[in-house]
file start-v6.txt (compact mmCIF, C-alpha atoms and all ligand atoms)
# COMPACT_ATOMS: atom_id res chain seq x y z
CA MET A 1 133.80 107.58 35.73
CA GLU A 2 130.29 106.13 36.15
CA HIS A 3 128.98 109.34 34.72
CA GLU A 4 131.37 109.27 31.78
CA VAL A 5 130.45 105.68 30.96
CA SER A 6 126.72 106.38 31.03
CA ALA A 7 127.20 109.55 28.96
CA MET A 8 129.06 107.45 26.40
CA ARG A 9 126.23 104.88 26.38
CA ILE A 10 123.68 107.60 25.80
CA SER A 11 125.72 109.15 23.02
CA ILE A 12 126.20 105.76 21.36
CA PHE A 13 122.48 105.16 21.59
CA ARG A 14 121.90 108.44 19.78
CA GLY A 15 124.53 107.53 17.22
CA THR A 16 126.85 110.37 18.25
CA ARG A 17 130.54 110.55 19.07
CA ALA A 18 131.64 112.25 22.25
CA GLY A 19 131.27 115.99 21.67
CA ASP A 20 128.02 115.29 19.82
CA GLU A 21 129.66 114.71 16.46
CA LYS A 22 127.30 112.31 14.65
CA VAL A 23 128.64 108.84 13.86
CA LYS A 24 128.30 107.86 10.22
CA ILE A 25 128.64 104.25 9.15
CA GLY A 26 129.40 103.29 5.56
CA ILE A 27 128.07 99.97 4.30
CA LEU A 28 129.70 98.31 1.31
CA ALA A 29 126.76 98.05 -1.10
CA VAL A 30 128.04 96.04 -4.02
CA GLN A 31 126.19 92.80 -3.48
CA GLY A 32 124.78 90.82 -0.56
CA ASP A 33 122.65 91.82 2.42
CA PHE A 34 123.77 95.41 2.98
CA GLU A 35 120.18 96.64 3.41
CA ALA A 36 119.65 94.52 6.53
CA HIS A 37 122.65 96.21 8.20
CA ALA A 38 121.29 99.65 7.26
CA ALA A 39 117.91 98.76 8.76
CA ILE A 40 119.39 97.72 12.10
CA LEU A 41 121.59 100.85 12.27
CA HIS A 42 118.65 103.13 11.43
CA GLN A 43 116.73 101.44 14.24
CA LEU A 44 119.60 102.59 16.51
CA GLY A 45 119.36 106.15 15.17
CA VAL A 46 122.64 105.97 13.23
CA ASP A 47 123.26 107.58 9.82
CA THR A 48 124.46 105.20 7.12
CA VAL A 49 125.76 105.62 3.61
CA GLU A 50 126.01 103.00 0.85
CA VAL A 51 129.64 102.74 -0.22
CA ARG A 52 130.46 101.86 -3.82
CA THR A 53 133.36 104.19 -4.54
CA PRO A 54 136.49 105.31 -2.66
CA ALA A 55 134.87 108.76 -2.23
CA GLY A 56 131.89 107.10 -0.55
CA LEU A 57 134.05 106.35 2.47
CA GLU A 58 134.80 110.01 3.19
CA GLY A 59 133.47 111.17 6.53
CA CYS A 60 132.63 107.66 7.76
CA ASN A 61 133.66 106.58 11.26
CA GLY A 62 132.99 102.94 10.55
CA LEU A 63 132.49 100.57 7.64
CA ILE A 64 130.45 97.37 7.43
CA LEU A 65 131.42 94.67 4.94
CA PRO A 66 128.23 92.60 4.62
CA GLY A 67 127.60 88.95 3.82
CA GLY A 68 127.25 87.79 0.24
CA GLU A 69 129.85 86.30 -2.08
CA SER A 70 133.37 87.26 -1.09
CA THR A 71 134.84 86.46 -4.54
CA THR A 72 132.48 88.90 -6.27
CA GLN A 73 132.96 91.54 -3.59
CA LEU A 74 136.75 91.24 -3.64
CA GLN A 75 136.86 91.61 -7.42
CA PHE A 76 134.77 94.77 -7.18
CA LEU A 77 136.95 96.22 -4.39
CA GLN A 78 140.11 95.60 -6.39
CA GLU A 79 138.73 96.95 -9.67
CA GLU A 80 137.36 100.14 -8.10
CA GLY A 81 140.43 100.96 -6.01
CA LEU A 82 138.34 100.43 -2.88
CA ALA A 83 140.52 97.66 -1.45
CA GLU A 84 143.42 100.03 -0.95
CA LYS A 85 141.14 102.80 0.29
CA ILE A 86 139.65 100.46 2.93
CA GLN A 87 143.14 99.48 4.09
CA GLN A 88 144.01 103.19 4.48
CA PHE A 89 140.73 103.76 6.30
CA ALA A 90 141.66 101.03 8.80
CA ARG A 91 145.18 102.44 9.27
CA ARG A 92 143.69 105.84 10.09
CA GLY A 93 141.55 104.29 12.83
CA GLY A 94 138.25 103.74 11.02
CA ALA A 95 136.32 100.86 12.59
CA ILE A 96 135.46 97.93 10.30
CA PHE A 97 132.99 95.10 10.84
CA GLY A 98 132.90 92.20 8.38
CA THR A 99 130.07 89.67 8.53
CA CYS A 100 130.41 86.30 6.82
CA ALA A 101 131.74 87.17 3.31
CA GLY A 102 132.95 90.40 4.94
CA ALA A 103 134.88 88.38 7.52
CA ILE A 104 136.52 86.48 4.65
CA LEU A 105 137.57 89.80 3.09
CA LEU A 106 139.18 90.94 6.35
CA ALA A 107 141.16 87.75 7.08
CA ASN A 108 144.93 87.60 6.70
CA GLU A 109 144.61 84.21 5.03
CA VAL A 110 141.73 82.62 3.09
CA ARG A 111 141.51 78.91 2.19
CA ASN A 112 139.09 76.55 0.42
CA PRO A 113 139.91 77.83 -2.10
CA LYS A 114 142.78 80.19 -1.51
CA GLN A 115 141.72 83.77 -2.16
CA ASP A 116 143.28 87.21 -1.85
CA SER A 117 141.95 89.49 0.91
CA LEU A 118 142.37 92.85 2.63
CA LYS A 119 144.55 91.28 5.36
CA LEU A 120 143.28 93.48 8.16
CA LEU A 121 142.63 90.80 10.79
CA ASP A 122 145.11 88.18 11.99
CA MET A 123 143.08 85.05 11.27
CA THR A 124 142.86 82.18 8.81
CA VAL A 125 139.40 81.36 7.46
CA LEU A 126 138.07 78.34 5.62
CA ARG A 127 135.31 79.36 3.20
CA ASN A 128 132.03 77.43 3.45
CA GLY A 129 133.55 75.68 6.44
CA TYR A 130 130.19 74.71 7.91
CA GLY A 131 129.07 73.09 4.63
CA ARG A 132 127.24 74.49 1.64
CA GLN A 133 123.72 74.19 3.04
CA VAL A 134 121.23 76.67 1.67
CA ALA A 135 119.06 76.59 4.78
CA SER A 136 120.39 78.65 7.63
CA ASP A 137 121.51 77.27 10.93
CA VAL A 138 120.27 79.30 13.88
CA VAL A 139 122.01 78.66 17.18
CA SER A 140 122.27 80.39 20.52
CA GLY A 141 125.46 80.52 22.48
CA PRO A 142 127.39 82.44 25.11
CA SER A 143 129.23 85.63 24.23
CA LYS A 144 131.28 88.24 26.03
CA LEU A 145 128.81 90.95 24.98
CA LYS A 146 125.86 90.11 27.20
CA LYS A 147 124.67 87.69 29.89
CA GLU A 148 121.91 86.12 27.81
CA PRO A 149 122.78 83.73 24.97
CA LEU A 150 123.49 85.38 21.64
CA GLU A 151 121.45 84.25 18.62
CA MET A 152 123.68 83.42 15.66
CA VAL A 153 122.42 82.84 12.11
CA PHE A 154 124.87 80.93 9.91
CA ILE A 155 124.48 80.91 6.12
CA ARG A 156 127.30 79.15 4.26
CA GLY A 157 129.65 80.92 6.61
CA PRO A 158 133.41 80.51 6.90
CA ILE A 159 135.12 78.78 9.79
CA ILE A 160 137.79 80.75 11.61
CA GLU A 161 140.43 78.02 11.74
CA HIS A 162 143.02 80.08 13.51
CA ALA A 163 143.00 83.48 15.21
CA GLY A 164 146.21 85.27 16.22
CA PRO A 165 147.15 85.79 19.89
CA ASP A 166 146.00 89.44 19.87
CA VAL A 167 142.59 88.63 18.45
CA GLU A 168 139.88 88.49 21.10
CA VAL A 169 137.19 85.83 20.70
CA LEU A 170 133.83 87.34 21.70
CA ALA A 171 131.69 84.30 20.80
CA GLU A 172 132.23 80.74 19.60
CA TYR A 173 130.24 78.15 17.68
CA GLY A 174 131.17 74.47 17.54
CA GLY A 175 134.42 75.17 19.35
CA LYS A 176 135.53 77.72 16.72
CA PRO A 177 135.60 81.51 17.05
CA ALA A 178 132.45 83.03 15.52
CA LEU A 179 132.80 86.69 16.62
CA VAL A 180 136.26 88.20 16.93
CA GLN A 181 137.82 91.59 17.49
CA HIS A 182 141.24 93.13 17.27
CA GLY A 183 141.24 96.81 18.20
CA HIS A 184 138.78 98.57 15.91
CA ILE A 185 138.41 95.62 13.49
CA MET A 186 135.67 93.08 14.11
CA ALA A 187 134.41 90.02 12.24
CA ALA A 188 131.48 87.61 12.59
CA THR A 189 131.05 84.35 10.69
CA PHE A 190 127.29 84.66 11.31
CA HIS A 191 124.71 87.33 10.47
CA PRO A 192 123.77 89.57 13.42
CA GLU A 193 121.82 91.79 11.00
CA LEU A 194 119.27 88.99 10.50
CA THR A 195 118.08 88.88 14.11
CA ASP A 196 116.16 91.40 16.22
CA ASP A 197 119.06 91.63 18.65
CA THR A 198 121.10 94.83 18.24
CA THR A 199 123.87 93.83 20.71
CA VAL A 200 126.60 93.12 18.14
CA HIS A 201 125.92 96.29 16.14
CA GLN A 202 125.90 98.36 19.33
CA HIS A 203 129.29 96.94 20.21
CA PHE A 204 130.58 97.89 16.76
CA LEU A 205 129.16 101.40 17.16
CA SER A 206 131.11 101.79 20.38
CA LEU A 207 134.31 101.02 18.42
CA ALA A 208 133.36 103.52 15.70
CA ALA A 209 132.48 106.19 18.27
CA ASN A 210 135.74 105.73 20.15
CA GLY A 211 138.05 105.49 17.17
CA THR A 212 140.17 108.13 15.53
CA SER A 213 138.43 110.52 13.22
CA PRO A 214 138.80 109.21 9.66
CA ALA A 215 138.09 112.67 8.34
CA THR A 216 141.27 114.10 9.84
CA GLY A 217 143.25 111.00 10.68
CA SER A 218 144.00 112.51 14.06
CA ALA A 219 143.85 110.37 17.17
CA LYS A 220 141.19 111.35 19.65
CA SER A 221 142.73 112.26 22.98
CA LYS A 222 141.80 109.87 25.75
N1 LIG B 1 130.05 81.45 1.21
C1 LIG B 1 130.21 82.85 1.01
C2 LIG B 1 131.65 83.16 0.56
O1 LIG B 1 132.48 82.33 0.65
C3 LIG B 1 129.87 83.64 2.27
C4 LIG B 1 128.43 83.42 2.65
C5 LIG B 1 127.77 84.58 3.34
O2 LIG B 1 128.29 85.70 3.37
N2 LIG B 1 126.60 84.33 3.87
O3 LIG B 1 131.92 84.25 0.11

call {"tool": "encode", "arguments": {"input": "start-v6.txt", "output": "structure tokens", "more": "lines below"}}
Ligand code: GLN
result
Amino acid sequence: MEHEVSAMRISIFRGTRAGDEKVKIGILAVQGDFEAHAAILHQLGVDTVEVRTPAGLEGCNGLILPGGESTTQLQFLQEEGLAEKIQQFARRGGAIFGTCAGAILLANEVRNPKQDSLKLLDMTVLRNGYGRQVASDVVSGPSKLKKEPLEMVFIRGPIIEHAGPDVEVLAEYGGKPALVQHGHIMAATFHPELTDDTTVHQHFLSLAANGTSPATGSAKSK
């Protein structure tokens, strides 16, 4: 068991799935800070691809929905047929991580104002819930991912007002969930890609490496 766990850690570090299949992470590259996510994943030795079309998702084990403006991103996803494709990707076991605007896209319900979404995570978010400040708020707080405090950069982020009973809260800010996970879907109201700490991305990579293979849709035997 020990051995298996450390083998998994090593393979995640090398950006590979068990069996040495390389993990590939798609990053929605319509608008926003997609390049910062790519940089952090490259630092971890992981292959990334910029996703702008439904075909761009082929062969990806995981998808990152970056920060930016959720209204603009949502419109693009709906116009290009990507919204439906991303929902299928999630149903087939592809891991998804939404940060800030990306978290808004994933939420079951969006308020302030009300907005449509992909409805892949059982939570209600309030857009610009921490105020419309341009300057970022950098805080450190406890998380379930490591012993040391986690640095969290907030930029006009949403507040997660409510998270469903099956949604695990991995970190909080101001008494509200800031990093949440349900199965292979994860969302942060802050920007882990804007710090030097790779903890959150490594956690996401472990979900992508353990998930079902989106290429075949077949569940990996455990
Ligand atoms: N305020 C933006 C929105 O509502 C999100 C901000 C961000 O992603 N940094 O879409």

call {"tool": "residues_near_ligand", "arguments": {"input": "start-v6.txt", "ligand": "ligand LIG 1 (chain B)", "cutoff": "9 Å", "atoms": "all atoms listed in the file", "output": "count of residues only"}}
result
31

call {"tool": "closest_atom_pairs", "arguments": {"input": "start-v6.txt", "of": "region 124-205 of chain A", "to": "region 78-95 of chain A", "cutoff": "9 Å", "atoms": "all atoms listed in the file", "output": "Markdown table"}}
result
| residue | atom | partner | partner_atom | distance |
| --- | --- | --- | --- | --- |
| A:Gly183 | CA | A:Ala95 | CA | 8.5 |
| A:His184 | CA | A:Ala95 | CA | 4.7 |
| A:Ile185 | CA | A:Ala95 | CA | 5.7 |
| A:Met186 | CA | A:Ala95 | CA | 8.0 |
| A:Phe204 | CA | A:Ala95 | CA | 7.7 |
| A:Leu205 | CA | A:Ala95 | CA | 8.5 |

call {"tool": "atom_distance", "arguments": {"input": "start-v6.txt", "atom1": "CA of Glu161 (chain A)", "atom2": "CA of Ile96 (chain A)"}}
result
20.6 Å

call {"tool": "closest_residue", "arguments": {"input": "start-v6.txt", "among": "A:Ser140, A:Glu35, A:Lys146, A:Pro113", "to": "Thr198 (chain A)", "atoms": "only C-alpha atoms"}}
result
A:Lys146

call {"tool": "atom_distance", "arguments": {"input": "start-v6.txt", "atom1": "CA of Val169 (chain A)", "atom2": "CA of Ala208 (chain A)"}}
result
18.8 Å

call {"tool": "residues_around", "arguments": {"input": "start-v6.txt", "residues": "Glu151 (chain A)", "least_positions_apart": "2", "cutoff": "7 Å", "atoms": "all atoms listed in the file", "output": "list of chain:residue names"}}
result
A:Val138, A:Val139, A:Ser140, A:Gly141, A:Pro149, A:Val153

call {"tool": "atom_distance", "arguments": {"input": "start-v6.txt", "atom1": "CA of Thr124 (chain A)", "atom2": "CA of Leu77 (chain A)"}}
result
20.2 Å

call {"tool": "decode", "arguments": {"input": "start-v6.txt", "residues": "region 156-172 of chain A", "atoms": "N, CA and C atoms", "output": "PDB file, in the first residue's frame"}}
result
ATOM      1  N   ARG A 156     -11.888  39.975  -7.214  1.00  0.00           N
ATOM      2  CA  ARG A 156     -13.329  40.081  -7.545  1.00  0.00           C
ATOM      3  C   ARG A 156     -13.974  38.691  -7.638  1.00  0.00           C
ATOM      4  N   GLY A 157     -13.647  37.894  -6.671  1.00  0.00           N
ATOM      5  CA  GLY A 157     -14.119  36.502  -6.670  1.00  0.00           C
ATOM      6  C   GLY A 157     -15.556  36.369  -6.192  1.00  0.00           C
ATOM      7  N   PRO A 158     -16.163  35.229  -6.519  1.00  0.00           N
ATOM      8  CA  PRO A 158     -17.515  34.953  -6.020  1.00  0.00           C
ATOM      9  C   PRO A 158     -17.469  34.430  -4.581  1.00  0.00           C
ATOM     10  N   ILE A 159     -18.581  34.531  -3.902  1.00  0.00           N
ATOM     11  CA  ILE A 159     -18.714  33.875  -2.594  1.00  0.00           C
ATOM     12  C   ILE A 159     -19.523  32.596  -2.810  1.00  0.00           C
ATOM     13  N   ILE A 160     -19.070  31.511  -2.229  1.00  0.00           N
ATOM     14  CA  ILE A 160     -19.882  30.289  -2.256  1.00  0.00           C
ATOM     15  C   ILE A 160     -20.841  30.395  -1.071  1.00  0.00           C
ATOM     16  N   GLU A 161     -22.080  30.743  -1.394  1.00  0.00           N
ATOM     17  CA  GLU A 161     -23.087  30.990  -0.348  1.00  0.00           C
ATOM     18  C   GLU A 161     -23.566  29.699   0.275  1.00  0.00           C
ATOM     19  N   HIS A 162     -23.663  28.675  -0.583  1.00  0.00           N
ATOM     20  CA  HIS A 162     -24.170  27.402  -0.109  1.00  0.00           C
ATOM     21  C   HIS A 162     -23.492  26.285  -0.898  1.00  0.00           C
ATOM     22  N   ALA A 163     -23.060  25.251  -0.183  1.00  0.00           N
ATOM     23  CA  ALA A 163     -22.514  24.070  -0.862  1.00  0.00           C
ATOM     24  C   ALA A 163     -23.322  22.866  -0.392  1.00  0.00           C
ATOM     25  N   GLY A 164     -23.654  21.978  -1.324  1.00  0.00           N
ATOM     26  CA  GLY A 164     -24.474  20.804  -1.022  1.00  0.00           C
ATOM     27  C   GLY A 164     -23.779  19.860  -0.040  1.00  0.00           C
ATOM     28  N   PRO A 165     -24.540  18.942   0.553  1.00  0.00           N
ATOM     29  CA  PRO A 165     -23.995  18.048   1.584  1.00  0.00           C
ATOM     30  C   PRO A 165     -22.864  17.142   1.088  1.00  0.00           C
ATOM     31  N   ASP A 166     -22.832  16.847  -0.207  1.00  0.00           N
ATOM     32  CA  ASP A 166     -21.777  15.963  -0.728  1.00  0.00           C
ATOM     33  C   ASP A 166     -20.530  16.719  -1.167  1.00  0.00           C
ATOM     34  N   VAL A 167     -20.592  18.031  -1.065  1.00  0.00           N
ATOM     35  CA  VAL A 167     -19.445  18.838  -1.505  1.00  0.00           C
ATOM     36  C   VAL A 167     -18.480  19.002  -0.326  1.00  0.00           C
ATOM     37  N   GLU A 168     -17.236  18.622  -0.553  1.00  0.00           N
ATOM     38  CA  GLU A 168     -16.251  18.740   0.537  1.00  0.00           C
ATOM     39  C   GLU A 168     -15.591  20.113   0.489  1.00  0.00           C
ATOM     40  N   VAL A 169     -15.503  20.760   1.649  1.00  0.00           N
ATOM     41  CA  VAL A 169     -14.853  22.072   1.733  1.00  0.00           C
ATOM     42  C   VAL A 169     -13.382  21.841   2.110  1.00  0.00           C
ATOM     43  N   LEU A 170     -12.475  22.200   1.203  1.00  0.00           N
ATOM     44  CA  LEU A 170     -11.042  21.971   1.435  1.00  0.00           C
ATOM     45  C   LEU A 170     -10.357  23.184   2.059  1.00  0.00           C
ATOM     46  N   ALA A 171     -10.944  24.370   1.861  1.00  0.00           N
ATOM     47  CA  ALA A 171     -10.412  25.586   2.499  1.00  0.00           C
ATOM     48  C   ALA A 171     -11.534  26.616   2.582  1.00  0.00           C
ATOM     49  N   GLU A 172     -11.426  27.498   3.578  1.00  0.00           N
ATOM     50  CA  GLU A 172     -12.443  28.537   3.768  1.00  0.00           C
ATOM     51  C   GLU A 172     -11.785  29.906   3.825  1.00  0.00           C
TER      52      GLU A 172
END
